[in-house]
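To keep things clear, I will list the structure first and then write my remarks on it.
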Amino acid sequence: MGKHKRRKPEIVILSDIHLGTYGCHAEELLRYLKTIKPKKLILNGDIIDMWQFSKHYWPKSHMQVIKHITGLLAKGTKIIYLTGNHDEMLRKFAGFRLGSFQIENKIVLRLNGKKAWVFHGDVFDVTMKYSKWLAKLGAVGYDMLILINTFVNWCLKKIGKERISLSKRVKDSVKTAVKFINDFEKTAADIAISNGYNFVVCGHIHQPEIRVIENEKGTVTYLNSGDWVENLTALEYDGTGWSIYRYRDDAVAKSVKLPKRLRDKLDNDEIFKDLVNEFLTTRK
């Protein structure tokens with residue numbers, strides 16, 4: 001970090017990191033994490049992509065993200081892991097607690113007399129509910145699109161052009177995708193209003209957002225933390241209000257120096273040893 005002091009937000013919410021996939025921007029996330037020391041870190045689903053996890057792709061940078069997050073526990077940060085669809089196998093461990101770490105499916109935060117309902121959001125996804133195989137097939141196709149996008153951006157960089165996000169352009173240009181996002185947000189807001197929540201916080205759809213939604217029963221502030229595949233965003237709460245963090249606007253994080261060779265891949269034995277060592281270190 002050099003001369004820069006770490007910011008100390010009260011709450012940081014991250015979702016849809018998708019560690020273990022080609023699209024994950026682990027190095028950028030590491031730079032961001034090294035600039036903050038939150039009191040509470042909420043990992044709101046799809047942190048490790050267990051749908052697409054492969055022994056053939058697990059760079060050191062992905063392990064460093066896990067190491068940094070577990071290291072925050074030793075520094076006093078409370079960490080809450082909320083399960084998503086890509087890490088749904090962890091749902092059987094809902095209620096697990098170890099020191100300042102816990103796993104849940106959803107939580108309600110009390111913030112200055114107001115209530116924030118936080119969960120991943122895949123429960124509102126019709127594709128997930130009725131055609132999980134189709135959702136998984138889409139996830140594989142999405143990762144292939146990211147690989148193609150990487151090559152395209154390499155070519156653009158060579159000719160002095162700005163990088164583009166093919167997946168984001170596809171999403172933004174397809175009317176059904178736009179309708180899905182609108183329906184998702186409205187459904188979350190309607191249920192939150194019915195239950196008397198002031199805030200409803202989701203991930204899942206990779207669309208960072210903060211906006212007030214109103215229906216005939218009342219209003220609620222809908223928030224989405226975005227992702228670390230396309231948007232590179234998070235939600236931060238400073239004790240008085242929420243804001244969207246955007247890596248592209250953070251000159252301090254971009255200046256953080258990282259160790260060399262973070263893109264080297266780890267083999268299975270190295271992954272297992274690193275995870276065990278990190279777990280033992282955190283328990284001390």
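Labeling convention for the structure tokens: chains A, B, ... as they appear, residues from 1 per chain, ligands from 1 in order of appearance.
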- Query: Near His25 in chain A, within 8 Å and counting only C-alpha atoms, which residues show up once chain neighbours fewer than 3 positions away are dropped, as a list in words?
  - Reply: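 Close residues of His25 in chain A: Ile17, Glu28, Leu29, Trp228, Val229 and Leu232 of chain A.
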- Query: What's the 7 Å shell around Asp87 in chain A, counting only C-alpha atoms, without same-chain residues fewer than 4 positions away, as a list in words?
  - Reply: Gly45, Asp46, Ile48, Asp49, Met50 and Thr83 of chain A
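Computed from the coordinates, the CA of Tyr247 in chain A to CA of Thr21 in chain A distance equals 19.4 Å.
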- Message: Between CA of Glu10 in chain A and CA of Tyr237 in chain A, what is the distance in Å, rounded to a tenth?
- Response: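 Computing the Euclidean distance for CA of Glu10 in chain A and CA of Tyr237 in chain A yields 5.7 Å.
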- Do you have the CA of Trp58 in chain A-CA of Leu30 in chain A distance handy?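 Separation of CA of Trp58 in chain A and CA of Leu30 in chain A: 15.2 Å.
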- Using only C-alpha atoms, find the one residue out of A:Glu185, A:Glu230, A:Asp249, A:Glu88 that sits nearest to Val212 in chain A. A:Glu185
- Selection: 9 Å around Val200 in chain A, only C-alpha atoms, excl. self and same-chain fewer than 2 positions, as a list in words: Lys115, Ala116, Trp117, Val118, Phe119, Ala188, Ala189, Ala192, Ile193, Tyr197, Asn198, Cys202, Val220, Thr221, Tyr222, Leu223 and Asn224 of chain A
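Considering the residues A:Thr35, A:Ala234, A:Phe124, A:Gly203 and counting only C-alpha atoms, Lys186 in chain A has its shortest atom-to-atom contact with A:Phe124.
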- Which of range 49-111 of chain A fall in strand (DSSP E or B), as a list of chain:residue names: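 After running DSSP on the backbone, range 49-111 of chain A has strand (DSSP E or B) at A:Ser54, A:Tyr57, A:Pro59, A:Lys78, A:Ile79, A:Ile80, A:Tyr81, A:Leu82, A:Arg97, A:Leu98, A:Phe101, A:Gln102, A:Ile103, A:Glu104, A:Lys106, A:Ile107, A:Val108, A:Leu109, A:Arg110, A:Leu111.
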Please produce a file of those selected residues containing C-alpha atoms, as an mmCIF file, in the first residue's frame.
data_model
loop_
_atom_site.group_PDB
_atom_site.id
_atom_site.type_symbol
_atom_site.label_atom_id
_atom_site.label_comp_id
_atom_site.auth_asym_id
_atom_site.auth_seq_id
_atom_site.Cartn_x
_atom_site.Cartn_y
_atom_site.Cartn_z
ATOM 1 C CA SER A 54 -11.297 -27.450 -12.592
ATOM 2 C CA TYR A 57 -7.228 -23.796 -13.751
ATOM 3 C CA PRO A 59 -3.894 -19.507 -10.569
ATOM 4 C CA LYS A 78 -16.247 -10.407 10.820
ATOM 5 C CA ILE A 79 -16.890 -12.449 7.664
ATOM 6 C CA ILE A 80 -20.305 -13.765 6.630
ATOM 7 C CA TYR A 81 -20.454 -16.137 3.661
ATOM 8 C CA LEU A 82 -23.898 -16.187 2.029
ATOM 9 C CA ARG A 97 -19.875 -20.607 12.888
ATOM 10 C CA LEU A 98 -16.178 -20.552 13.694
ATOM 11 C CA PHE A 101 -16.689 -16.537 10.407
ATOM 12 C CA GLN A 102 -20.161 -17.853 9.606
ATOM 13 C CA ILE A 103 -22.051 -19.401 6.691
ATOM 14 C CA GLU A 104 -25.695 -18.504 6.051
ATOM 15 C CA LYS A 106 -29.514 -15.048 4.040
ATOM 16 C CA ILE A 107 -29.189 -12.468 6.801
ATOM 17 C CA VAL A 108 -30.917 -9.359 8.096
ATOM 18 C CA LEU A 109 -28.656 -6.467 9.123
ATOM 19 C CA ARG A 110 -29.850 -3.763 11.511
ATOM 20 C CA LEU A 111 -28.391 -0.413 10.482
#
Residues at most 12 Å from Pro259 in chain A, counting only C-alpha atoms, excluding those fewer than 6 positions away in the same chain, as a PDB file with N, CA and C atoms, in the first residue's frame?
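Everything below was put into part_6.pdb:
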ATOM      1  N   GLU A  27      -6.706 -10.468  -9.617  1.00  0.00           N
ATOM      2  CA  GLU A  27      -5.647  -9.508  -9.300  1.00  0.00           C
ATOM      3  C   GLU A  27      -6.220  -8.134  -8.964  1.00  0.00           C
ATOM      4  N   LEU A  30      -7.707  -8.328  -5.545  1.00  0.00           N
ATOM      5  CA  LEU A  30      -6.647  -8.288  -4.532  1.00  0.00           C
ATOM      6  C   LEU A  30      -6.199  -6.860  -4.255  1.00  0.00           C
ATOM      7  N   ARG A  31      -6.036  -6.088  -5.316  1.00  0.00           N
ATOM      8  CA  ARG A  31      -5.618  -4.696  -5.145  1.00  0.00           C
ATOM      9  C   ARG A  31      -6.645  -3.917  -4.330  1.00  0.00           C
ATOM     10  N   LYS A  60      -2.366 -18.705  -8.880  1.00  0.00           N
ATOM     11  CA  LYS A  60      -1.958 -18.270  -7.545  1.00  0.00           C
ATOM     12  C   LYS A  60      -2.767 -17.060  -7.084  1.00  0.00           C
ATOM     13  N   SER A  61      -3.153 -16.217  -8.037  1.00  0.00           N
ATOM     14  CA  SER A  61      -3.910 -15.017  -7.671  1.00  0.00           C
ATOM     15  C   SER A  61      -5.247 -15.388  -7.037  1.00  0.00           C
ATOM     16  N   GLN A  64      -4.534 -16.366  -3.568  1.00  0.00           N
ATOM     17  CA  GLN A  64      -4.187 -15.178  -2.784  1.00  0.00           C
ATOM     18  C   GLN A  64      -5.426 -14.425  -2.316  1.00  0.00           C
TER      19      GLN A  64
END
